[in-house]
Each structure stands twice: as structure tokens, then as C-alpha cells.
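Below: coords.cif (mmCIF, C-alpha atoms and all ligand atoms)
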```cif
data_my_file
#
loop_
_atom_site.label_atom_id
_atom_site.label_comp_id
_atom_site.auth_asym_id
_atom_site.auth_seq_id
_atom_site.Cartn_x
_atom_site.Cartn_y
_atom_site.Cartn_z
CA MET A 1483 6.40 -16.41 9.29
CA ASN A 1484 2.66 -16.92 8.89
CA SER A 1485 2.24 -20.58 8.04
CA GLN A 1486 -1.27 -19.96 6.65
CA LYS A 1487 0.20 -18.34 3.58
CA GLU A 1488 1.36 -20.31 0.56
CA ILE A 1489 5.10 -20.66 0.20
CA VAL A 1490 6.83 -19.09 -2.79
CA VAL A 1491 10.45 -19.54 -3.91
CA SER A 1492 12.38 -18.08 -6.83
CA GLY A 1493 15.97 -17.26 -7.70
CA ILE A 1494 18.06 -15.31 -10.16
CA ARG A 1495 21.56 -16.31 -11.25
CA SER A 1496 24.30 -13.78 -10.55
CA THR A 1497 25.85 -14.02 -13.98
CA GLY A 1498 25.40 -10.55 -15.44
CA TYR A 1499 23.22 -7.48 -15.57
CA LEU A 1500 19.49 -7.97 -15.03
CA HIS A 1501 17.27 -7.14 -17.99
CA LEU A 1502 13.63 -6.61 -18.91
CA GLY A 1503 13.10 -10.38 -19.24
CA ASN A 1504 14.17 -10.89 -15.63
CA TYR A 1505 11.99 -7.97 -14.58
CA PHE A 1506 8.79 -8.98 -16.37
CA GLY A 1507 9.32 -12.75 -16.13
CA ALA A 1508 10.23 -12.81 -12.46
CA ILE A 1509 10.85 -9.69 -10.36
CA ARG A 1510 7.55 -7.97 -11.14
CA ASN A 1511 5.78 -11.01 -9.70
CA TYR A 1512 8.07 -11.12 -6.66
CA VAL A 1513 6.93 -7.61 -5.88
CA LYS A 1514 3.24 -8.44 -6.45
CA MET A 1515 3.46 -11.59 -4.30
CA GLN A 1516 5.53 -10.41 -1.37
CA ALA A 1517 2.64 -9.19 0.81
CA ASP A 1518 0.31 -12.14 0.27
CA TYR A 1519 2.64 -15.14 0.33
CA ASP A 1520 5.55 -16.44 2.40
CA CYS A 1521 8.23 -15.47 -0.11
CA TYR A 1522 11.81 -16.72 -0.34
CA PHE A 1523 13.83 -15.05 -3.08
CA PHE A 1524 17.53 -15.57 -3.57
CA VAL A 1525 20.61 -14.95 -5.67
CA ALA A 1526 21.59 -18.27 -7.27
CA ASP A 1527 25.35 -17.76 -6.84
CA TYR A 1528 26.13 -21.51 -6.78
CA HIS A 1529 24.34 -21.86 -10.11
CA SER A 1530 26.54 -19.13 -11.55
CA LEU A 1531 29.69 -21.17 -10.80
CA THR A 1532 29.07 -23.37 -13.85
CA THR A 1533 30.67 -20.57 -15.89
CA HIS A 1534 33.67 -20.15 -13.50
CA PRO A 1535 33.30 -16.42 -12.71
CA LYS A 1536 36.35 -14.60 -11.32
CA PRO A 1537 36.30 -14.60 -7.49
CA GLU A 1538 36.59 -10.79 -7.45
CA ASP A 1539 33.47 -10.46 -9.64
CA LEU A 1540 31.24 -12.79 -7.66
CA LYS A 1541 30.42 -10.47 -4.77
CA LYS A 1542 29.81 -7.50 -7.04
CA ASN A 1543 27.39 -9.59 -9.12
CA VAL A 1544 25.52 -10.85 -6.06
CA PHE A 1545 25.19 -7.35 -4.58
CA ARG A 1546 24.01 -5.97 -7.92
CA VAL A 1547 21.25 -8.60 -8.23
CA LEU A 1548 20.12 -7.73 -4.70
CA ALA A 1549 20.22 -3.97 -5.38
CA GLU A 1550 18.35 -4.30 -8.67
CA ASN A 1551 15.64 -6.37 -7.00
CA ILE A 1552 15.14 -3.79 -4.26
CA ALA A 1553 15.20 -0.95 -6.79
CA SER A 1554 12.44 -2.80 -8.66
CA GLY A 1555 10.26 -2.79 -5.55
CA LEU A 1556 11.28 -5.89 -3.61
CA ASN A 1557 10.95 -5.31 0.12
CA PRO A 1558 13.43 -7.44 2.10
CA GLU A 1559 11.43 -6.81 5.28
CA GLN A 1560 8.51 -8.65 3.72
CA ALA A 1561 10.12 -11.23 1.47
CA VAL A 1562 13.11 -13.22 2.70
CA PHE A 1563 16.02 -12.39 0.38
CA TYR A 1564 19.30 -14.32 0.65
CA ALA A 1565 22.29 -15.75 -1.15
CA GLN A 1566 21.93 -19.43 -2.06
CA SER A 1567 25.45 -20.18 -0.78
CA ASP A 1568 24.48 -18.99 2.71
CA ILE A 1569 22.12 -21.95 3.12
CA PRO A 1570 24.13 -25.18 3.57
CA GLU A 1571 20.91 -27.18 3.72
CA ILE A 1572 20.46 -26.54 -0.03
CA PRO A 1573 23.57 -28.48 -1.14
CA GLU A 1574 22.65 -31.18 1.37
CA LEU A 1575 19.23 -31.64 -0.19
CA TYR A 1576 20.83 -31.39 -3.65
CA LEU A 1577 23.02 -34.37 -2.75
CA MET A 1578 20.00 -36.38 -1.62
CA LEU A 1579 18.02 -35.52 -4.76
CA ASN A 1580 20.99 -36.40 -6.98
CA MET A 1581 20.45 -40.02 -5.95
CA LEU A 1582 16.93 -39.79 -7.39
CA ALA A 1583 17.93 -38.06 -10.64
CA TYR A 1584 18.98 -40.08 -13.66
CA LYS A 1585 21.76 -39.29 -16.08
CA GLY A 1586 19.57 -40.01 -19.11
CA GLU A 1587 16.84 -37.55 -18.14
CA LEU A 1588 19.37 -34.85 -17.22
CA GLU A 1589 21.11 -35.19 -20.58
CA LYS A 1590 17.80 -34.62 -22.36
CA VAL A 1591 17.08 -31.24 -20.74
CA PRO A 1592 17.00 -28.58 -23.52
CA THR A 1593 18.98 -26.01 -21.47
CA PHE A 1594 21.72 -28.61 -20.92
CA LYS A 1595 21.81 -29.44 -24.63
CA ASP A 1596 22.09 -25.71 -25.43
CA LYS A 1597 25.06 -25.36 -23.07
CA VAL A 1598 26.77 -28.37 -24.61
CA ARG A 1599 26.46 -26.63 -27.98
CA GLN A 1600 27.55 -23.22 -26.67
CA GLN A 1601 30.47 -24.30 -24.48
CA PRO A 1602 31.68 -27.75 -25.58
CA ASP A 1603 34.92 -27.31 -23.61
CA ASN A 1604 33.16 -26.82 -20.30
CA VAL A 1605 30.44 -29.46 -20.00
CA ASN A 1606 30.88 -29.89 -16.25
CA ALA A 1607 28.80 -32.05 -13.90
CA GLY A 1608 27.31 -28.90 -12.37
CA LEU A 1609 25.68 -28.13 -15.72
CA LEU A 1610 24.27 -31.63 -15.94
CA THR A 1611 22.81 -31.53 -12.44
CA TYR A 1612 21.70 -27.88 -12.69
CA PRO A 1613 17.98 -28.86 -12.51
CA VAL A 1614 18.65 -30.93 -9.37
CA LEU A 1615 20.18 -27.96 -7.56
CA MET A 1616 17.25 -25.88 -8.72
CA ALA A 1617 14.82 -28.47 -7.35
CA ALA A 1618 16.69 -28.37 -4.02
CA ASP A 1619 16.33 -24.55 -3.96
CA ILE A 1620 12.58 -24.90 -4.30
CA LEU A 1621 11.92 -27.99 -2.20
CA ILE A 1622 14.07 -26.80 0.72
CA HIS A 1623 11.20 -24.44 1.66
CA ARG A 1624 8.50 -26.85 0.45
CA ALA A 1625 7.27 -24.17 -1.95
CA VAL A 1626 4.10 -24.50 -4.00
CA LYS A 1627 4.48 -21.51 -6.33
CA VAL A 1628 7.55 -20.49 -8.28
CA PRO A 1629 7.33 -17.20 -10.20
CA VAL A 1630 9.57 -17.67 -13.27
CA GLY A 1631 9.68 -16.96 -16.99
CA LYS A 1632 8.78 -19.48 -19.69
CA ASP A 1633 12.40 -20.68 -20.06
CA GLN A 1634 12.24 -22.31 -16.61
CA GLU A 1635 9.10 -24.38 -17.26
CA GLN A 1636 10.96 -27.62 -17.93
CA HIS A 1637 13.07 -27.21 -14.79
CA LEU A 1638 9.88 -26.95 -12.76
CA GLU A 1639 8.60 -30.16 -14.26
CA MET A 1640 11.79 -31.86 -13.17
CA ALA A 1641 11.47 -30.42 -9.66
CA ARG A 1642 8.00 -31.99 -9.50
CA ASN A 1643 9.41 -35.33 -10.63
CA PHE A 1644 12.14 -35.30 -7.98
CA ALA A 1645 9.61 -34.31 -5.30
CA GLN A 1646 7.35 -37.19 -6.32
CA ARG A 1647 10.21 -39.67 -6.32
CA TYR A 1648 11.26 -38.66 -2.82
CA ASN A 1649 7.66 -38.84 -1.60
CA ASN A 1650 7.06 -42.26 -3.18
CA ARG A 1651 10.20 -43.75 -1.73
CA TYR A 1652 10.45 -42.08 1.68
CA GLY A 1653 6.97 -40.77 2.52
CA GLU A 1654 5.08 -37.58 1.76
CA LEU A 1655 7.26 -34.54 2.39
CA PHE A 1656 7.29 -32.22 -0.61
CA PRO A 1657 4.35 -30.49 -2.33
CA GLU A 1658 4.65 -30.33 -6.12
CA PRO A 1659 5.79 -26.82 -7.07
CA GLN A 1660 4.17 -25.00 -10.01
CA ALA A 1661 5.65 -22.31 -12.23
CA PHE A 1662 3.60 -19.17 -11.65
CA ASN A 1663 2.55 -16.00 -13.44
CA PHE A 1664 -0.59 -14.17 -12.27
CA GLY A 1665 -3.50 -15.64 -14.21
CA SER A 1666 -1.63 -15.88 -17.47
CA GLN A 1667 0.94 -17.83 -19.43
CA LEU A 1668 4.57 -17.69 -18.37
CA SER A 1669 6.30 -14.73 -19.90
CA LYS A 1670 9.00 -14.61 -22.55
CA VAL A 1671 10.40 -11.17 -23.36
CA MET A 1672 11.92 -11.26 -26.84
CA SER A 1673 15.12 -9.57 -27.97
CA LEU A 1674 14.94 -6.48 -30.22
CA ASP A 1675 16.86 -7.89 -33.18
CA GLY A 1676 13.97 -9.90 -34.59
CA SER A 1677 16.02 -13.10 -34.38
CA GLY A 1678 13.30 -14.88 -32.42
CA SER A 1679 15.57 -15.26 -29.36
CA LYS A 1680 14.73 -13.98 -25.90
CA MET A 1681 16.43 -11.18 -24.00
CA SER A 1682 19.34 -12.65 -22.10
CA LYS A 1683 22.08 -11.75 -19.60
CA SER A 1684 24.89 -13.01 -21.76
CA GLU A 1685 23.76 -13.21 -25.39
CA ASN A 1686 22.57 -10.55 -27.87
CA GLU A 1687 23.51 -7.69 -25.55
CA ASN A 1688 22.71 -5.05 -28.17
CA ALA A 1689 19.18 -6.35 -28.45
CA THR A 1690 18.55 -6.68 -24.71
CA ILE A 1691 17.55 -3.78 -22.45
CA TYR A 1692 19.31 -3.97 -19.09
CA LEU A 1693 18.06 -2.31 -15.91
CA ALA A 1694 21.49 -0.63 -15.71
CA ASP A 1695 21.43 0.76 -19.29
CA SER A 1696 21.97 4.50 -19.73
CA ASP A 1697 19.21 6.58 -21.37
CA GLU A 1698 21.38 6.86 -24.43
CA ALA A 1699 21.97 3.09 -24.68
CA ILE A 1700 18.24 2.44 -24.34
CA ARG A 1701 17.38 4.90 -27.14
CA LYS A 1702 20.05 3.46 -29.39
CA LYS A 1703 18.99 -0.15 -28.90
CA ILE A 1704 15.32 0.60 -29.49
CA MET A 1705 15.93 2.74 -32.59
CA LYS A 1706 17.94 -0.16 -34.02
CA ALA A 1707 15.17 -2.71 -33.43
CA LYS A 1708 14.21 -4.61 -36.56
CA THR A 1709 11.20 -3.27 -38.50
CA ASP A 1710 10.21 -3.07 -42.20
CA SER A 1711 8.43 -0.66 -44.50
CA GLY A 1712 5.05 -1.42 -42.93
CA PRO A 1713 1.99 -3.47 -43.85
CA THR A 1714 0.42 -3.09 -47.28
CA GLU A 1715 -2.98 -4.61 -46.51
CA ASN A 1716 -5.38 -3.48 -43.80
CA ASN A 1717 -5.66 -5.70 -40.73
CA SER A 1718 -2.85 -8.00 -41.79
CA GLU A 1719 -1.07 -10.28 -39.39
CA LYS A 1720 2.01 -8.81 -37.70
CA PRO A 1721 5.34 -10.45 -38.50
CA ALA A 1722 6.90 -11.97 -35.35
CA TYR A 1723 9.53 -9.19 -34.96
CA ILE A 1724 6.83 -6.50 -35.16
CA GLN A 1725 4.59 -8.41 -32.77
CA SER A 1726 7.40 -8.55 -30.22
CA LEU A 1727 7.81 -4.75 -30.44
CA PHE A 1728 4.11 -4.37 -29.72
CA ASP A 1729 4.43 -6.88 -26.86
CA LEU A 1730 7.26 -4.85 -25.38
CA MET A 1731 5.32 -1.64 -25.76
CA ALA A 1732 2.38 -3.28 -23.96
CA LEU A 1733 4.68 -3.85 -20.96
CA ILE A 1734 5.96 -0.30 -20.57
CA SER A 1735 3.67 2.17 -22.37
CA PRO A 1736 0.13 3.30 -21.45
CA PRO A 1737 -2.66 1.27 -23.15
CA GLU A 1738 -3.81 4.31 -25.20
CA THR A 1739 -0.34 4.61 -26.75
CA LEU A 1740 -0.33 0.93 -27.69
CA ASN A 1741 -3.86 1.18 -29.11
CA SER A 1742 -3.01 4.15 -31.29
CA TYR A 1743 -0.10 2.29 -32.93
CA ASP A 1744 -2.19 -0.84 -33.25
CA THR A 1745 -4.89 1.16 -35.05
CA ALA A 1746 -2.24 2.74 -37.28
CA PHE A 1747 -0.83 -0.71 -38.09
CA ASN A 1748 -4.27 -2.01 -39.05
CA ALA A 1749 -4.88 1.03 -41.27
CA CYS A 1750 -1.39 0.74 -42.88
CA THR A 1751 -0.49 4.24 -41.68
CA ILE A 1752 2.03 3.19 -39.05
CA ARG A 1753 5.44 4.88 -38.95
CA TYR A 1754 7.78 2.58 -37.11
CA GLY A 1755 10.30 5.39 -36.56
CA ASP A 1756 7.69 7.29 -34.52
CA MET A 1757 6.64 4.18 -32.68
CA LYS A 1758 10.23 3.42 -31.71
CA LYS A 1759 10.84 7.02 -30.58
CA GLN A 1760 7.78 6.84 -28.35
CA MET A 1761 8.83 3.44 -27.02
CA ALA A 1762 12.35 4.66 -26.31
CA GLU A 1763 11.02 7.56 -24.21
CA ASP A 1764 8.61 5.30 -22.30
CA MET A 1765 11.43 2.82 -21.74
CA VAL A 1766 13.77 5.51 -20.43
CA ALA A 1767 11.03 6.67 -18.05
CA PHE A 1768 10.62 3.09 -16.87
CA VAL A 1769 14.27 2.06 -16.50
CA ALA A 1770 15.96 5.28 -15.29
CA PRO A 1771 14.48 5.35 -11.75
CA ILE A 1772 15.34 1.66 -11.21
CA ARG A 1773 18.89 2.18 -12.52
CA GLU A 1774 19.48 5.23 -10.33
CA TRP A 1775 18.12 3.66 -7.17
CA ALA A 1776 20.08 0.44 -7.78
CA ARG A 1777 23.24 2.52 -8.24
CA GLN A 1778 22.70 4.29 -4.92
CA LEU A 1779 21.96 1.04 -3.12
CA GLN A 1780 25.19 -0.50 -4.37
CA GLU A 1781 27.14 2.36 -2.82
CA ASP A 1782 25.87 1.32 0.60
CA GLU A 1783 27.41 -2.12 0.94
CA GLU A 1784 26.83 -2.27 4.68
CA SER A 1785 23.05 -2.17 4.20
CA LEU A 1786 23.17 -4.85 1.50
CA ARG A 1787 25.30 -7.05 3.76
CA THR A 1788 22.79 -6.65 6.58
CA ILE A 1789 19.92 -7.65 4.27
CA LEU A 1790 21.76 -10.78 3.14
CA ARG A 1791 22.74 -11.75 6.68
CA ARG A 1792 19.22 -11.32 8.00
CA GLY A 1793 17.77 -13.10 4.95
CA ALA A 1794 20.10 -16.06 5.48
CA GLU A 1795 19.00 -16.40 9.12
CA ARG A 1796 15.34 -16.41 8.18
CA ALA A 1797 15.85 -18.79 5.23
CA ARG A 1798 17.85 -21.21 7.35
CA GLU A 1799 15.03 -21.50 9.90
CA SER A 1800 12.80 -22.88 7.18
CA ALA A 1801 15.56 -24.89 5.45
CA SER A 1802 16.69 -26.62 8.64
CA ARG A 1803 13.13 -27.78 9.38
CA THR A 1804 12.88 -29.37 5.93
CA ILE A 1805 16.31 -30.97 5.99
CA SER A 1806 15.67 -32.69 9.35
CA LEU A 1807 12.48 -34.17 7.93
CA ALA A 1808 14.26 -35.19 4.72
CA ARG A 1809 17.05 -36.91 6.68
CA LYS A 1810 14.53 -38.65 8.91
CA GLY A 1811 12.55 -39.86 5.89
CA ILE A 1812 15.66 -41.40 4.38
CA GLY A 1813 16.59 -43.01 7.68
CA ILE A 1814 19.56 -40.79 8.55
CA GLN A 1815 18.86 -40.65 12.26
CA TYR A 1816 21.40 -42.73 14.16
CA TYR A 1817 21.08 -41.19 17.59
CA SER A 1818 18.93 -38.53 19.23
P1 LIG B 1 17.90 -16.61 -14.69
O1 LIG B 1 18.87 -16.00 -13.74
O2 LIG B 1 18.35 -16.93 -16.06
O3 LIG B 1 16.63 -15.67 -14.83
C1 LIG B 1 15.94 -15.16 -13.70
C2 LIG B 1 14.45 -15.12 -13.97
O4 LIG B 1 14.18 -14.32 -15.13
C3 LIG B 1 13.38 -15.07 -16.06
N1 LIG B 1 13.77 -14.68 -17.43
C4 LIG B 1 12.90 -14.29 -18.37
N2 LIG B 1 11.56 -14.17 -18.36
C5 LIG B 1 10.96 -13.73 -19.49
N3 LIG B 1 11.64 -13.39 -20.62
C6 LIG B 1 12.99 -13.49 -20.68
N4 LIG B 1 13.64 -13.11 -21.79
C7 LIG B 1 13.67 -13.98 -19.53
N5 LIG B 1 14.99 -14.20 -19.25
C8 LIG B 1 15.02 -14.64 -17.96
C9 LIG B 1 13.72 -16.51 -15.78
O5 LIG B 1 12.69 -17.36 -16.23
C10 LIG B 1 13.86 -16.51 -14.27
O6 LIG B 1 12.59 -16.60 -13.65
N6 LIG B 1 17.68 -21.36 -13.15
C11 LIG B 1 17.23 -20.01 -12.87
C12 LIG B 1 17.63 -19.52 -11.51
C13 LIG B 1 17.16 -20.41 -10.40
C14 LIG B 1 15.82 -20.58 -9.94
C15 LIG B 1 15.92 -21.52 -8.89
C16 LIG B 1 14.60 -20.05 -10.32
C17 LIG B 1 17.97 -21.19 -9.66
N7 LIG B 1 17.22 -21.87 -8.73
C18 LIG B 1 14.78 -21.93 -8.17
C19 LIG B 1 13.47 -20.45 -9.61
C20 LIG B 1 13.56 -21.40 -8.56
C21 LIG B 1 17.87 -19.07 -13.89
O7 LIG B 1 18.91 -19.34 -14.43
O8 LIG B 1 17.23 -17.88 -14.03
#
```
I'd like the structure from this file rewritten - as C-alpha cells, please.
Ligand code: TYM
Amino acid sequence: MNSQKEIVVSGIRSTGYLHLGNYFGAIRNYVKMQADYDCYFFVADYHSLTTHPKPEDLKKNVFRVLAENIASGLNPEQAVFYAQSDIPEIPELYLMLNMLAYKGELEKVPTFKDKVRQQPDNVNAGLLTYPVLMAADILIHRAVKVPVGKDQEQHLEMARNFAQRYNNRYGELFPEPQAFNFGSQLSKVMSLDGSGSKMSKSENENATIYLADSDEAIRKKIMKAKTDSGPTENNSEKPAYIQSLFDLMALISPPETLNSYDTAFNACTIRYGDMKKQMAEDMVAFVAPIREWARQLQEDEESLRTILRRGAERARESASRTISLARKGIGIQYYS
């Protein structure tokens, strides 16, 4: 790979169907970055083990994440695309970084605290050290940019801390990786139910649009999105659940469409039923081609296997270089 280019890493957990949040928070940027950066994108299958998926589901989930990425425009000839579990150097670096990560700081991570609340019977050590594995994913390629959504911001801060700690103790090896979204804030695609939560693979499924949703499911979910009887004063502020509908429309509809509803809102003439109908049609036009292509790709397992195999070879070249340096830094070099 061309070493002049900046190195980019990002991953997606194989825990369910990909949705608009994954697309706009992550995959869209993968596609925009793949030609100009040295990109390493992967399916975080080890990370998904915290929820103990059935062995027979794991492969299907991994292949679906790969297919949905390609159907969204990812080119595995350009970007390196692999399964995390194919790179043994990642768990090796994870082990090293675990010695530099402290229980107290890991317990304070908001995503860990959420999991403790959601699944009190399964607070395993993998959940606690989740940010350490994530740091290993990133640092193994010595990445500088990490395209992710807003929910991963804190994890990136921890990755920077672990990188710094290694560098301070053992000598400069890792650059400090930054969360990345082209020229703007990290994205957070909200759910349709007005609850103030984000779209998610495993929660509020009826308020999340998945890349595999049928046209009918998309229409139904959008028509059910929370609205009200409309503003009563010109140019009033939009309530949060209305704002998030506009935000979603901005992602998938042409600017003129968005402007016309914005003007109608400001003039108190907006009809949310019409707006949602328009949005549903634009959403169907956006999702259907991705869904259909992803479906076809999943029928050709041999091609997906080849992509993963080739991706693993390319990722290991980079990972093995880093791990030898990391071992050497620590002093693990007993003979040559
Ligand atoms: P995951 O699998 O939950 O999500 C994959 C990507 O999608 C983004 N995302 C969103 N962006 C905007 N709005 C939303 N509603 C939304 N929901 C999800 C996430 O921010 C993410 O970029 N821990 C990671 C996976 C991971 C990783 C890594 C990422 C493992 N190792 C190394 C980057 C670098 C996760 O669970 O993402």
C-alpha cells in the first residue's frame, strides 16, 4: 500500500442488521475515503461475542455486514476489508494494552454503564475491556483517522490515552487516532419514535430503518414517526422529534424538497402526513437498491469468502509490522 497516504481504520460489530445510523455515521465515509487514504475496514466479530451469539448465526452476520458494506459502495479492491478474528495480532496487542488500562477508568465508560443496566446478568470482562480491544483494532495499523458516529467518541479518547501510555513507557510507536467525519461534527442519526434515542441494531427496531427493510416496512415505520398538529406561530423552533425528521430528510431527499417543507413549517402550513409520504418514497428509493444488491451478494458466498481471505492477508501484513515493533518496545525479544 502507498505509505504516503494517511491510515484509516474502522469497524462494525456483527450483531444485527445494519441501519441508517451505521450508513450515515460510518459507511458513507468509508466509501468517500477509500480512494484517498490507506483504509482498513473490518467486521468486529470478536466484539460481538460479548452478547454470546449462536455459533450458527455468527457467519451469517459477518457475511451480511460485508455484503451490506459492498452494496453501499465499499470497494474491497481499494479498501482492505477483513474479519477482526482473522488477525491474531489484534488480540495480542489487546493483551499488551490491557496492562496499561485501569479498572476504574473502564468502569466509568458510559457504554459500559449502559450495558450493566441493560444486561445485569451478563457483565463479562469482555464488556469491561471493550474499549481496549477497540484501541487494539485501531492501533494495530497505526491509524490516524477513524470514521465513526458520535457514540464512539469516548472510545476514541480512550484509544488515544492507551496509545500515549504505551509511547510514554516504551517509546514512540502509535500516532493518536482521531474520530473523523468530513469537515463536520460526528453524526448521530435519531430514531423515528421521538424518544430522543438513536437508531440502533438491537433496540427500538420499529423506529430504526434497516438497509434490509422491505419497501413496505420502510413506509410503515416512517408513517408512524412521531409528529404533532403543527406549529401555531411563524418561525417557531422545531421540537426535537420534528427536527430529527428534518435531519433525516436532509440525508436522503433533494435539498429543494427539504426547503419546501422547511418553508411550510415556518409559515405554519406544513402537513406532516405529506412530508412523511414524501420521505417514505425518498427512503425507499435510497434503501431498495442497497437491499437488493446486498441480497444478491449474500447468495454468492464464494466471492465473499475470497474478499475476506484476501483482506485478512493484506491486513496481517500491516498488523505484523506493528506487533513486532510493539513487542520490541516492551522488550519481548529474547533471541533473533
Ligand atoms: P457499531 O457496530 O455499533 O456501529 C458501527 C458504526 O456505526 C455508527 N453508528 C451510528 N452513527 C450515527 N448514528 C447512529 N444512530 C449510529 N449507530 C451506529 C457507529 O458510531 C460506528 O461508527 N465499537 C464499534 C465497532 C468497533 C470499531 C472499532 C469502530 C470495534 N472496533 C475500531 C471503529 C474502530 C461499534 O460497536 O460500532
Please report the interatomic distance between atom CA of Ile1691 of chain A and atom CA of His1501 of chain A in Å with one decimal.
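Between atom CA of Ile1691 of chain A and atom CA of His1501 of chain A the gap is 5.6 Å.
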Got a sec to check which residues sit within 9 Å of (17.0, -13.7, -23.1), counting only C-alpha atoms, and write them as a VMD selection string?
chain A and resid 1501 to 1504 1633 1670 to 1673 1679 to 1686 1690
Selection near Lys1759 of chain A, 12 Å with only C-alpha atoms, sequence-local residues under 2 positions removed, as a PyMOL selection string
chain A and resi 1700-1707+1731+1735+1753-1757+1761-1766
Nearby residues, ligand LIG 1 (chain B), 8 Å, all atoms listed in the file, as a ChimeraX atom specification:
/A:1491-1497,1501-1509,1525-1526,1529,1612-1613,1615-1620,1628-1635,1637-1638,1668-1673,1680-1683
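Atom pair atom CA of Ala1797 of chain A / atom CA of Ile1572 of chain A: separated by 10.4 Å.
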Leaving out segment 1648-1650 of chain A and any residue of its chain fewer than 5 positions from it, which residues lie within 12 Å of it when counting all atoms listed in the file, given as a PyMOL selection string?
chain A and resi 1575+1578-1583+1617-1618+1621+1641-1643+1655-1658+1807-1809+1811-1812
What gap, in Å, lies between atom CA of Arg1624 of chain A and atom CA of Leu1588 of chain A?
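It comes out at 22.2 Å.
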Extract, using all atoms listed in the file, all DNA, RNA and protein residues at most 12 Å from Ala1517 of chain A, discarding same-chain residues fewer than 6 positions from it, and format them as number ranges by chain.
A: 1483-1484, 1487-1490, 1511, 1555-1562
Axis-aligned box for all listed atoms of segment 1812-1816 of chain A, 8 Å per side, centre and edges in Å to one decimal, as lines of an AutoDock Vina configuration file:
```
center_x = 18.5
center_y = -41.8
center_z = 9.3
size_x = 21.7
size_y = 18.4
size_z = 25.8
```
Fewer than 5 positions away in the same chain doesn't count, so skip those; otherwise give me all residues within 12 Å of Arg1791 of chain A, counting only C-alpha atoms, as a list in words.
Pro1558, Val1562, Phe1563, Tyr1564, Ala1565, Gln1566, Ser1567, Asp1568, Ile1569, Glu1784, Ser1785, Leu1786, Arg1796, Ala1797 and Arg1798 of chain A
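For the point (-0.6, 3.1, -31.5) in file coordinates, the residues within 10 Å, using only C-alpha atoms, are Phe1728, Met1731, Pro1737, Glu1738, Thr1739, Leu1740, Asn1741, Ser1742, Tyr1743, Asp1744, Thr1745, Ala1746, Phe1747, Asn1748, Ile1752, Arg1753, Asp1756, Met1757 and Gln1760 of chain A.
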Quick one: residues within 6 Å of Lys1627 of chain A, all atoms listed in the file, excluding same-chain residues fewer than 3 positions away - as a short mmCIF file (atom, residue, chain, number, x, y, z; two decimals) with C-alpha atoms, keeping the file's coordinate frame?
```cif
data_model
loop_
_atom_site.label_atom_id
_atom_site.label_comp_id
_atom_site.auth_asym_id
_atom_site.auth_seq_id
_atom_site.Cartn_x
_atom_site.Cartn_y
_atom_site.Cartn_z
CA VAL A 1490 6.83 -19.09 -2.79
CA PRO A 1659 5.79 -26.82 -7.07
CA GLN A 1660 4.17 -25.00 -10.01
CA PHE A 1662 3.60 -19.17 -11.65
#
```
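The closest residue to Val1513 of chain A, picked from A:Ile1622, A:Ala1661, A:Leu1531, A:Ala1553 and counting all atoms listed in the file, is A:Ala1553.
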Using all atoms listed in the file, the shortest atom-to-atom distance to Asn1543 of chain A among A:Glu1574, A:Asn1663, A:Pro1713, A:Tyr1499 belongs to A:Tyr1499
Among listed residues A:Gly1498, A:Pro1736, A:Gly1678, A:Gly1665, nearest Tyr1723 of chain A (using only C-alpha atoms)
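Looking only at the distances to Tyr1723 of chain A, the closest residue turns out to be A:Gly1678.
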